[in-house]
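*Asks:* Sharing protein-v8.cif (mmCIF, C-alpha atoms and all ligand atoms) below.
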```
data_my_file
loop_
_atom_site.label_atom_id
_atom_site.label_comp_id
_atom_site.auth_asym_id
_atom_site.auth_seq_id
_atom_site.Cartn_x
_atom_site.Cartn_y
_atom_site.Cartn_z
CA MET E 192 199.13 77.99 54.64
CA LYS E 193 195.99 77.21 52.71
CA ILE E 194 196.62 77.92 49.05
CA LEU E 195 194.23 78.30 46.13
CA LEU E 196 195.59 76.87 42.88
CA THR E 197 193.74 78.02 39.78
CA GLY E 198 194.39 75.57 36.97
CA GLY E 199 195.67 73.20 39.62
CA THR E 200 194.88 70.06 37.61
CA GLY E 201 197.12 71.25 34.77
CA TYR E 202 200.70 70.23 34.15
CA ILE E 203 202.59 72.68 36.37
CA GLY E 204 199.73 73.14 38.85
CA SER E 205 199.48 69.44 39.66
CA HIS E 206 203.22 69.06 40.31
CA THR E 207 203.18 72.21 42.45
CA ALA E 208 200.22 70.89 44.45
CA VAL E 209 202.27 67.83 45.42
CA GLU E 210 205.27 69.96 46.47
CA LEU E 211 203.06 72.28 48.53
CA LEU E 212 201.48 69.30 50.31
CA ALA E 213 204.94 67.88 51.02
CA GLU E 214 205.75 71.18 52.77
CA ASN E 215 202.59 70.85 54.88
CA HIS E 216 200.55 73.46 53.06
CA GLU E 217 196.89 72.79 52.28
CA VAL E 218 195.67 72.89 48.69
CA VAL E 219 192.38 74.07 47.19
CA ILE E 220 192.08 73.62 43.43
CA VAL E 221 189.71 75.53 41.18
CA ASP E 222 189.75 74.31 37.58
CA ASN E 223 187.12 74.16 34.83
CA LEU E 224 188.78 71.03 33.33
CA ARG E 225 188.89 72.64 29.89
CA ASN E 226 192.39 71.31 29.25
CA SER E 227 192.82 68.81 32.08
CA LYS E 228 191.10 65.81 33.61
CA ARG E 229 189.41 65.19 36.93
CA SER E 230 191.50 62.06 37.53
CA VAL E 231 194.48 64.35 38.18
CA VAL E 232 192.92 65.14 41.57
CA GLU E 233 193.13 61.48 42.61
CA ARG E 234 196.69 61.27 41.28
CA ILE E 235 197.74 64.29 43.38
CA GLU E 236 196.18 62.67 46.45
CA GLU E 237 197.77 59.31 45.63
CA VAL E 238 201.28 60.73 45.16
CA SER E 239 201.11 63.04 48.18
CA GLY E 240 199.15 60.73 50.49
CA LYS E 241 197.01 63.76 51.44
CA GLN E 242 193.54 65.07 50.68
CA ILE E 243 192.84 68.24 48.75
CA SER E 244 189.72 70.31 48.02
CA PHE E 245 188.66 70.42 44.38
CA TYR E 246 186.06 72.69 42.76
CA GLU E 247 185.08 72.46 39.12
CA ALA E 248 184.32 76.11 38.43
CA HIS E 249 185.00 78.92 35.99
CA LEU E 250 187.28 81.66 37.25
CA GLU E 251 185.20 84.26 35.42
CA ASP E 252 182.51 83.51 37.99
CA THR E 253 183.86 85.89 40.62
CA GLU E 254 181.04 85.19 43.04
CA THR E 255 181.72 81.46 43.14
CA VAL E 256 185.49 81.91 43.45
CA SER E 257 185.00 84.47 46.20
CA ARG E 258 182.71 82.10 48.07
CA ILE E 259 185.25 79.27 47.74
CA CYS E 260 187.95 81.57 49.15
CA ALA E 261 185.71 82.48 52.09
CA ASP E 262 184.47 78.93 52.81
CA GLU E 263 187.96 77.45 52.58
CA GLN E 264 189.68 80.34 54.36
CA VAL E 265 192.25 80.60 51.61
CA GLU E 266 195.39 82.56 52.54
CA ALA E 267 197.29 82.77 49.24
CA ALA E 268 196.77 81.97 45.56
CA ILE E 269 198.83 80.66 42.69
CA HIS E 270 197.31 81.55 39.34
CA PHE E 271 198.18 78.86 36.79
CA ALA E 272 194.91 78.87 34.85
CA GLY E 273 194.99 80.15 31.29
CA LEU E 274 195.23 79.17 27.67
CA LYS E 275 198.81 78.62 26.51
CA SER E 276 198.97 77.50 22.91
CA VAL E 277 200.94 79.95 20.79
CA GLY E 278 199.42 78.77 17.49
CA GLU E 279 195.85 78.87 18.80
CA SER E 280 196.42 82.39 20.11
CA VAL E 281 197.51 83.56 16.64
CA ALA E 282 194.41 81.98 15.07
CA ASP E 283 191.97 83.22 17.74
CA PRO E 284 193.45 86.22 19.54
CA LEU E 285 190.11 87.38 20.97
CA LEU E 286 189.67 84.08 22.77
CA TYR E 287 193.08 84.53 24.40
CA TYR E 288 192.57 88.16 25.40
CA GLN E 289 189.02 87.45 26.60
CA LEU E 290 189.79 84.37 28.62
CA ASN E 291 193.26 85.00 30.02
CA LEU E 292 192.46 88.59 31.01
CA THR E 293 188.96 88.18 32.41
CA THR E 294 189.91 85.15 34.50
CA SER E 295 192.89 86.99 35.97
CA ILE E 296 190.85 90.10 36.79
CA SER E 297 188.05 88.01 38.26
CA LEU E 298 190.48 86.09 40.46
CA CYS E 299 192.01 89.35 41.72
CA GLN E 300 188.54 90.64 42.60
CA ALA E 301 187.78 87.49 44.57
CA LEU E 302 191.11 87.74 46.41
CA PHE E 303 190.51 91.41 47.13
CA GLU E 304 187.04 90.73 48.55
CA ASN E 305 188.54 88.21 50.92
CA ASP E 306 191.60 90.23 52.00
CA ILE E 307 193.94 87.64 50.51
CA ASN E 308 197.17 89.50 49.83
CA MET E 309 199.55 86.87 48.49
CA LEU E 310 199.49 85.96 44.81
CA VAL E 311 201.91 84.06 42.59
CA PHE E 312 201.36 84.43 38.83
CA SER E 313 202.49 81.99 36.12
CA SER E 314 204.16 84.24 33.63
CA SER E 315 206.52 83.16 30.90
CA ALA E 316 209.89 83.95 29.40
CA THR E 317 207.81 84.70 26.33
CA VAL E 318 207.42 88.26 27.73
CA TYR E 319 211.05 88.91 26.69
CA GLY E 320 210.24 88.29 23.01
CA ASN E 321 213.43 88.49 20.98
CA PRO E 322 215.96 88.66 23.84
CA GLU E 323 217.67 91.98 24.37
CA ARG E 324 220.69 90.05 25.65
CA ILE E 325 221.42 86.53 26.87
CA PRO E 326 221.47 85.26 29.48
CA LEU E 327 218.17 87.00 30.23
CA ASP E 328 217.87 88.72 33.57
CA GLU E 329 214.77 90.27 35.09
CA LYS E 330 215.86 93.78 34.06
CA CYS E 331 215.70 92.90 30.36
CA ARG E 332 212.93 94.53 28.35
CA ALA E 333 209.79 92.43 28.82
CA THR E 334 207.22 94.11 26.62
CA GLU E 335 207.63 92.56 23.18
CA ALA E 336 206.11 89.09 22.97
CA ALA E 337 205.85 87.60 19.49
CA ASN E 338 202.23 86.41 19.70
CA PRO E 339 198.87 87.11 21.41
CA TYR E 340 199.43 84.41 24.05
CA GLY E 341 202.66 86.11 25.12
CA ARG E 342 200.97 89.51 25.05
CA THR E 343 198.30 88.29 27.49
CA LYS E 344 201.15 87.48 29.90
CA ILE E 345 202.63 90.97 29.46
CA ILE E 346 199.23 92.61 30.03
CA ILE E 347 198.44 90.52 33.11
CA GLU E 348 201.87 91.36 34.56
CA ARG E 349 201.02 95.03 33.97
CA ILE E 350 197.60 94.70 35.62
CA LEU E 351 199.14 93.01 38.67
CA ARG E 352 201.77 95.72 38.95
CA ASP E 353 199.05 98.40 38.93
CA LEU E 354 197.01 96.42 41.45
CA GLN E 355 199.97 96.12 43.80
CA GLN E 356 200.73 99.83 43.51
CA ALA E 357 197.18 100.70 44.42
CA ASN E 358 197.26 98.21 47.30
CA PRO E 359 200.73 98.21 48.87
CA ALA E 360 199.70 95.50 51.33
CA MET E 361 199.53 93.04 48.43
CA ASN E 362 202.49 90.77 47.77
CA ILE E 363 202.76 89.46 44.25
CA ALA E 364 205.36 87.25 42.55
CA LEU E 365 205.56 87.19 38.76
CA LEU E 366 207.30 83.95 37.79
CA ARG E 367 208.67 83.89 34.27
CA TYR E 368 209.08 80.24 33.36
CA PHE E 369 211.58 79.15 30.75
CA ASN E 370 210.84 75.76 29.12
CA PRO E 371 209.12 73.43 31.61
CA ALA E 372 209.49 69.73 30.79
CA GLY E 373 209.73 66.32 32.44
CA ALA E 374 207.32 64.61 34.81
CA HIS E 375 206.95 63.49 38.40
CA PRO E 376 209.48 60.69 39.13
CA SER E 377 206.60 58.42 40.22
CA ALA E 378 205.27 58.58 36.63
CA ARG E 379 201.80 59.27 38.09
CA LEU E 380 201.83 62.95 37.08
CA GLY E 381 203.03 64.40 33.80
CA GLU E 382 202.21 66.47 30.76
CA ASP E 383 199.03 65.44 28.96
CA PRO E 384 198.67 67.71 25.93
CA THR E 385 195.39 67.89 24.03
CA GLY E 386 195.91 67.12 20.35
CA VAL E 387 199.27 67.50 18.64
CA PRO E 388 201.85 68.73 21.18
CA ASN E 389 203.36 72.14 20.43
CA ASN E 390 206.38 71.63 22.62
CA LEU E 391 209.50 69.65 21.93
CA VAL E 392 209.63 67.16 24.80
CA PRO E 393 206.03 65.86 24.65
CA PHE E 394 206.41 65.59 20.88
CA LEU E 395 209.57 63.51 21.33
CA THR E 396 207.90 61.12 23.77
CA GLN E 397 204.90 60.68 21.45
CA VAL E 398 207.18 59.82 18.53
CA ALA E 399 209.10 57.34 20.67
CA ILE E 400 205.90 55.60 21.82
CA GLY E 401 204.63 55.40 18.22
CA MET E 402 201.78 57.94 18.43
CA ARG E 403 203.50 60.24 15.93
CA GLU E 404 205.65 59.20 13.05
CA GLN E 405 208.55 61.57 13.04
CA LEU E 406 210.05 64.54 14.83
CA VAL E 407 210.70 67.49 12.55
CA ILE E 408 213.58 69.58 13.86
CA ASN E 409 212.60 73.15 13.08
CA GLY E 410 215.72 74.37 11.30
CA ASP E 411 219.44 73.62 11.64
CA ASP E 412 220.78 76.82 10.11
CA TYR E 413 220.65 79.10 13.15
CA GLU E 414 223.77 80.86 14.44
CA THR E 415 224.30 78.30 17.21
CA ALA E 416 227.00 75.67 17.62
CA ASP E 417 225.02 72.89 15.91
CA GLY E 418 222.59 75.14 14.04
CA THR E 419 219.50 74.22 16.10
CA CYS E 420 217.72 76.51 18.57
CA ILE E 421 218.83 76.75 22.19
CA ARG E 422 216.39 76.81 25.11
CA ASP E 423 216.55 76.58 28.91
CA TYR E 424 214.64 73.41 29.83
CA ILE E 425 213.60 73.32 33.47
CA HIS E 426 212.35 70.13 35.13
CA VAL E 427 208.74 70.56 36.28
CA GLN E 428 209.77 69.31 39.75
CA ASP E 429 212.30 72.13 40.09
CA LEU E 430 209.68 74.57 38.82
CA ALA E 431 207.17 73.31 41.39
CA LYS E 432 209.72 73.88 44.16
CA GLY E 433 210.28 77.40 42.81
CA HIS E 434 206.62 78.15 43.54
CA VAL E 435 206.92 76.95 47.12
CA ALA E 436 210.02 79.14 47.55
CA SER E 437 208.18 82.13 46.05
CA LEU E 438 205.36 81.80 48.57
CA GLU E 439 207.93 81.83 51.37
CA LYS E 440 209.35 85.01 49.88
CA LEU E 441 205.91 86.64 49.78
CA LYS E 442 205.56 86.08 53.54
CA THR E 443 208.35 88.65 54.03
CA ASN E 444 206.15 91.42 52.48
CA PRO E 445 208.34 92.22 49.48
CA GLY E 446 205.57 93.95 47.46
CA LEU E 447 205.86 92.97 43.80
CA VAL E 448 208.74 90.71 42.82
CA THR E 449 209.68 89.17 39.48
CA TYR E 450 211.80 86.05 38.99
CA ASN E 451 213.00 84.09 36.01
CA LEU E 452 212.71 80.38 36.69
CA GLY E 453 215.12 78.40 34.58
CA THR E 454 218.38 76.52 34.99
CA GLY E 455 220.74 79.03 33.41
CA ARG E 456 221.90 76.33 30.98
CA GLY E 457 220.90 76.25 27.34
CA HIS E 458 220.49 73.07 25.31
CA SER E 459 220.04 72.87 21.57
CA VAL E 460 217.23 70.85 19.99
CA SER E 461 219.83 68.34 18.76
CA GLU E 462 221.24 67.99 22.28
CA VAL E 463 217.77 67.34 23.68
CA VAL E 464 217.12 64.72 21.01
CA GLN E 465 220.45 63.01 21.83
CA ALA E 466 219.73 63.07 25.57
CA PHE E 467 216.32 61.58 24.86
CA GLU E 468 217.80 58.84 22.66
CA ARG E 469 220.15 57.92 25.51
CA ALA E 470 217.22 57.83 27.96
CA THR E 471 215.15 55.53 25.73
CA ASN E 472 218.11 53.57 24.40
CA GLN E 473 216.74 53.78 20.89
CA PRO E 474 217.20 56.06 17.91
CA LEU E 475 214.34 58.46 17.23
CA ASN E 476 212.77 58.88 13.82
CA LYS E 477 213.62 62.49 12.94
CA ARG E 478 214.41 64.82 10.09
CA ILE E 479 215.47 68.41 9.65
CA GLY E 480 212.68 70.73 8.50
CA PRO E 481 212.40 74.47 7.87
CA ARG E 482 212.58 77.09 10.60
CA ARG E 483 209.39 77.67 12.62
CA PRO E 484 208.20 81.28 12.30
CA GLY E 485 208.65 83.27 15.51
CA ASP E 486 211.43 81.08 16.98
CA VAL E 487 214.38 82.95 18.47
CA PRO E 488 217.78 81.26 17.98
CA SER E 489 218.79 81.15 21.62
CA THR E 490 217.37 81.97 25.04
CA TYR E 491 218.26 81.03 28.60
CA THR E 492 218.11 82.72 31.95
CA ASP E 493 220.56 84.28 34.32
CA PRO E 494 219.33 82.40 37.41
CA ALA E 495 221.14 84.63 39.95
CA LEU E 496 218.20 86.67 41.25
CA ALA E 497 215.99 83.66 41.99
CA GLU E 498 218.94 81.81 43.52
CA ASN E 499 219.85 84.73 45.78
CA GLU E 500 216.41 85.87 46.82
CA LEU E 501 214.45 82.63 46.87
CA ASN E 502 217.19 80.38 48.13
CA TRP E 503 216.18 78.05 45.32
CA ARG E 504 217.95 76.66 42.32
CA ALA E 505 217.10 74.17 39.60
CA GLU E 506 218.91 70.91 40.41
CA LEU E 507 217.76 68.50 37.73
CA THR E 508 219.36 68.04 34.32
CA ILE E 509 218.19 67.48 30.77
CA GLU E 510 218.93 63.78 31.36
CA ASP E 511 216.51 63.78 34.32
CA ILE E 512 213.91 65.55 32.19
CA CYS E 513 214.18 63.00 29.37
CA ARG E 514 214.16 60.00 31.72
CA ASP E 515 211.09 61.20 33.65
CA ALA E 516 209.17 62.38 30.58
CA TRP E 517 209.76 59.01 28.93
CA ARG E 518 208.77 57.01 32.01
CA TRP E 519 205.53 59.04 32.24
CA GLN E 520 204.78 58.45 28.54
CA GLU E 521 205.52 54.71 28.75
CA GLU E 522 203.37 54.17 31.81
CA ASN E 523 200.54 56.44 30.64
CA PRO E 524 200.46 56.03 26.86
CA GLU E 525 196.99 57.58 26.68
CA GLY E 526 197.72 60.29 29.25
CA TYR E 527 195.37 60.54 32.24
CA PRO E 528 192.28 58.31 32.33
N1 LIG E 601 210.88 72.15 18.16
C1 LIG E 601 211.18 71.33 17.10
N2 LIG E 601 210.25 70.41 16.71
C2 LIG E 601 209.05 70.27 17.35
C3 LIG E 601 208.77 71.10 18.46
C4 LIG E 601 209.72 72.04 18.83
O1 LIG E 601 212.25 71.43 16.50
O2 LIG E 601 208.25 69.41 16.94
C5 LIG E 601 211.87 73.16 18.57
C6 LIG E 601 211.32 74.57 18.45
O3 LIG E 601 211.40 75.05 17.14
C7 LIG E 601 212.24 75.29 19.43
C8 LIG E 601 212.49 74.25 20.52
O4 LIG E 601 212.18 72.99 19.93
O5 LIG E 601 213.43 75.60 18.81
C9 LIG E 601 211.60 74.42 21.73
O6 LIG E 601 210.26 74.58 21.29
P1 LIG E 601 209.01 74.55 22.26
O7 LIG E 601 207.80 74.77 21.41
O8 LIG E 601 209.05 73.34 23.12
O9 LIG E 601 209.29 75.77 23.21
P2 LIG E 601 209.35 77.32 22.89
O10 LIG E 601 210.66 77.79 23.42
O11 LIG E 601 209.02 77.66 21.51
O12 LIG E 601 208.09 77.77 23.71
C10 LIG E 601 208.18 78.02 25.07
C11 LIG E 601 206.84 77.82 25.79
C12 LIG E 601 205.84 78.81 25.29
C13 LIG E 601 206.39 80.19 25.32
C14 LIG E 601 207.69 80.23 24.55
C15 LIG E 601 208.38 81.55 24.48
O13 LIG E 601 206.37 76.53 25.59
O14 LIG E 601 204.70 78.76 26.14
O15 LIG E 601 208.60 79.32 25.17
O16 LIG E 601 209.09 81.80 25.65
F1 LIG E 601 205.55 81.06 24.77
#
```
Hey, can you dump this file as structure tokens for me?

*Replies:*
Amino acid sequence: MKILLTGGTGYIGSHTAVELLAENHEVVIVDNLRNSKRSVVERIEEVSGKQISFYEAHLEDTETVSRICADEQVEAAIHFAGLKSVGESVADPLLYYQLNLTTSISLCQALFENDINMLVFSSSATVYGNPERIPLDEKCRATEAANPYGRTKIIIERILRDLQQANPAMNIALLRYFNPAGAHPSARLGEDPTGVPNNLVPFLTQVAIGMREQLVINGDDYETADGTCIRDYIHVQDLAKGHVASLEKLKTNPGLVTYNLGTGRGHSVSEVVQAFERATNQPLNKRIGPRRPGDVPSTYTDPALAENELNWRAELTIEDICRDAWRWQEENPEGYP
């Protein structure tokens, strides 16, 4: 199939592009390069050994996106594009509502105009807010995110559900990612955060390479075995494969489907730090700090639904994540050129 990837030069989009190409799909990327670099396109082509189409465009520009869909004869879309910094969304909620919602609506209009009826949406486990129960399954309440970023995901899920109900021929997969981390094993693709990383793994790699002085562990007094927070870290390669599997599922006309993408295993911050120290063979400069507001003590998925219905499961471990993230950081200390 020919697949449109919005935000395809971003972290998850770029890894998914490579997996799609490996499965003989064709890839068309639309990205405005707000939080990514053009050189990612060459890296995708280098790693995959295949050519892709790239358009630098704003998704809000429905006319342009619609024309790209028509010219390229796009058959399905994966919507990665969007702002994703929790802190920024608290400081500037209007930016998040404006951008994440208008781009999603505009994309849907362009798809609609071109009779494209397969869409995969990058949602997040953030829609579960403070988990109703763990492990989290897809039936858990998903309406209580703790910040504006998370609320944009909830609202977009809602919009897509309404859209699918009004147009039963549409097939939509909402993919709720747990904690994506790691990098492509070639070390040519990886996470390239702008500014100070919000997330644990890129912060760890930047401390280890000397870009940041010290990791602050956000609290060790939670009700968990070692007192630090537990998350479900999924290797970006596994996540990329989950997108390919979701597209296969959409071909069977399921209507709207929702899947949690995670490993089903939780690791504490201390465990991640230890795994990372083993991967780098050096101790990391770290200290215990206060809790971070908004953090839930523990969250991980029940992976059964995705495993059963997508015939997919996360294979890689926290050791693989740490090894690949570190290799990417070492070989690309400045990120992408
Ligand atoms: N952490 C630290 N020190 C750091 C960074 C993180 O101790 O410097 C801790 C956090 O407090 C948390 C854990 O590492 O306990 C993981 O934190 P991340 O920020 O990497 O991940 P979150 O689980 O907070 O965030 C992820 C996604 C968000 C999403 C959120 C809620 O990155 O996009 O899950 O589901 F909104």

*Asks:* Using all atoms listed in the file, which residues of the polymer chains come no farther than 9 Å from ligand LIG 601 (chain E)? I'd like the answer as a PyMOL selection string.

*Replies:* chain E and resi 275-277+315-320+336-338+340-341+367-372+388-395+405-411+419-424+459-461+463+479-480+482-490

*Asks:* Taking only C-alpha atoms into account, name the residue in E:Asn215, E:Thr197, E:Thr449, E:Asn291 that is nearest to Leu501 of chain E.

*Replies:* E:Thr449

*Asks:* I need the residue nearest Ala505 of chain E from this list: E:Val281, E:Ala360, E:Val238, E:Ile425. Use only C-alpha atoms for the distance.

*Replies:*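 Looking at the shortest contact to Ala505 of chain E, the residue is E:Ile425.
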
*Asks:* Using only C-alpha atoms, can you tell me which of E:Glu382, E:Glu254, E:Asp283, E:Glu335 comes closest to Ser205 of chain E?

*Replies:*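 Ranking E:Glu382, E:Glu254, E:Asp283, E:Glu335 by distance to Ser205 of chain E, first place goes to E:Glu382.
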
*Asks:* One number please: atom CA of Glu323 of chain E to atom CA of Val464 of chain E, in Å, one decimal.

*Replies:*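 Pair atom CA of Glu323 of chain E / atom CA of Val464 of chain E returns 27.5 Å.
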
*Asks:* Can you measure atom CA of Tyr287 of chain E to atom CA of Pro339 of chain E for me? One decimal in Å is fine.

*Replies:*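 Distance reported for this atom pair: 7.0 Å.
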
*Asks:* Report as a list in words all protein, DNA and RNA residues lying within 8 Å of Met192 of chain E, evaluated on all atoms listed in the file, omitting residues in the same chain fewer than 3 positions from it.

*Replies:*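 Counting all atoms listed in the file, the residues come to Asn215, His216, Glu217, Val265, Glu266 and Ala267 of chain E.
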
*Asks:* For C-alpha atoms, I'd like the residues from the last selection saved as a compact mmCIF listing (two decimals), in the coordinates of the input.

*Replies:*
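Result written to out-v9.txt:
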```
# COMPACT_ATOMS: atom_id res chain seq x y z
CA ASN E 215 202.59 70.85 54.88
CA HIS E 216 200.55 73.46 53.06
CA GLU E 217 196.89 72.79 52.28
CA VAL E 265 192.25 80.60 51.61
CA GLU E 266 195.39 82.56 52.54
CA ALA E 267 197.29 82.77 49.24
```
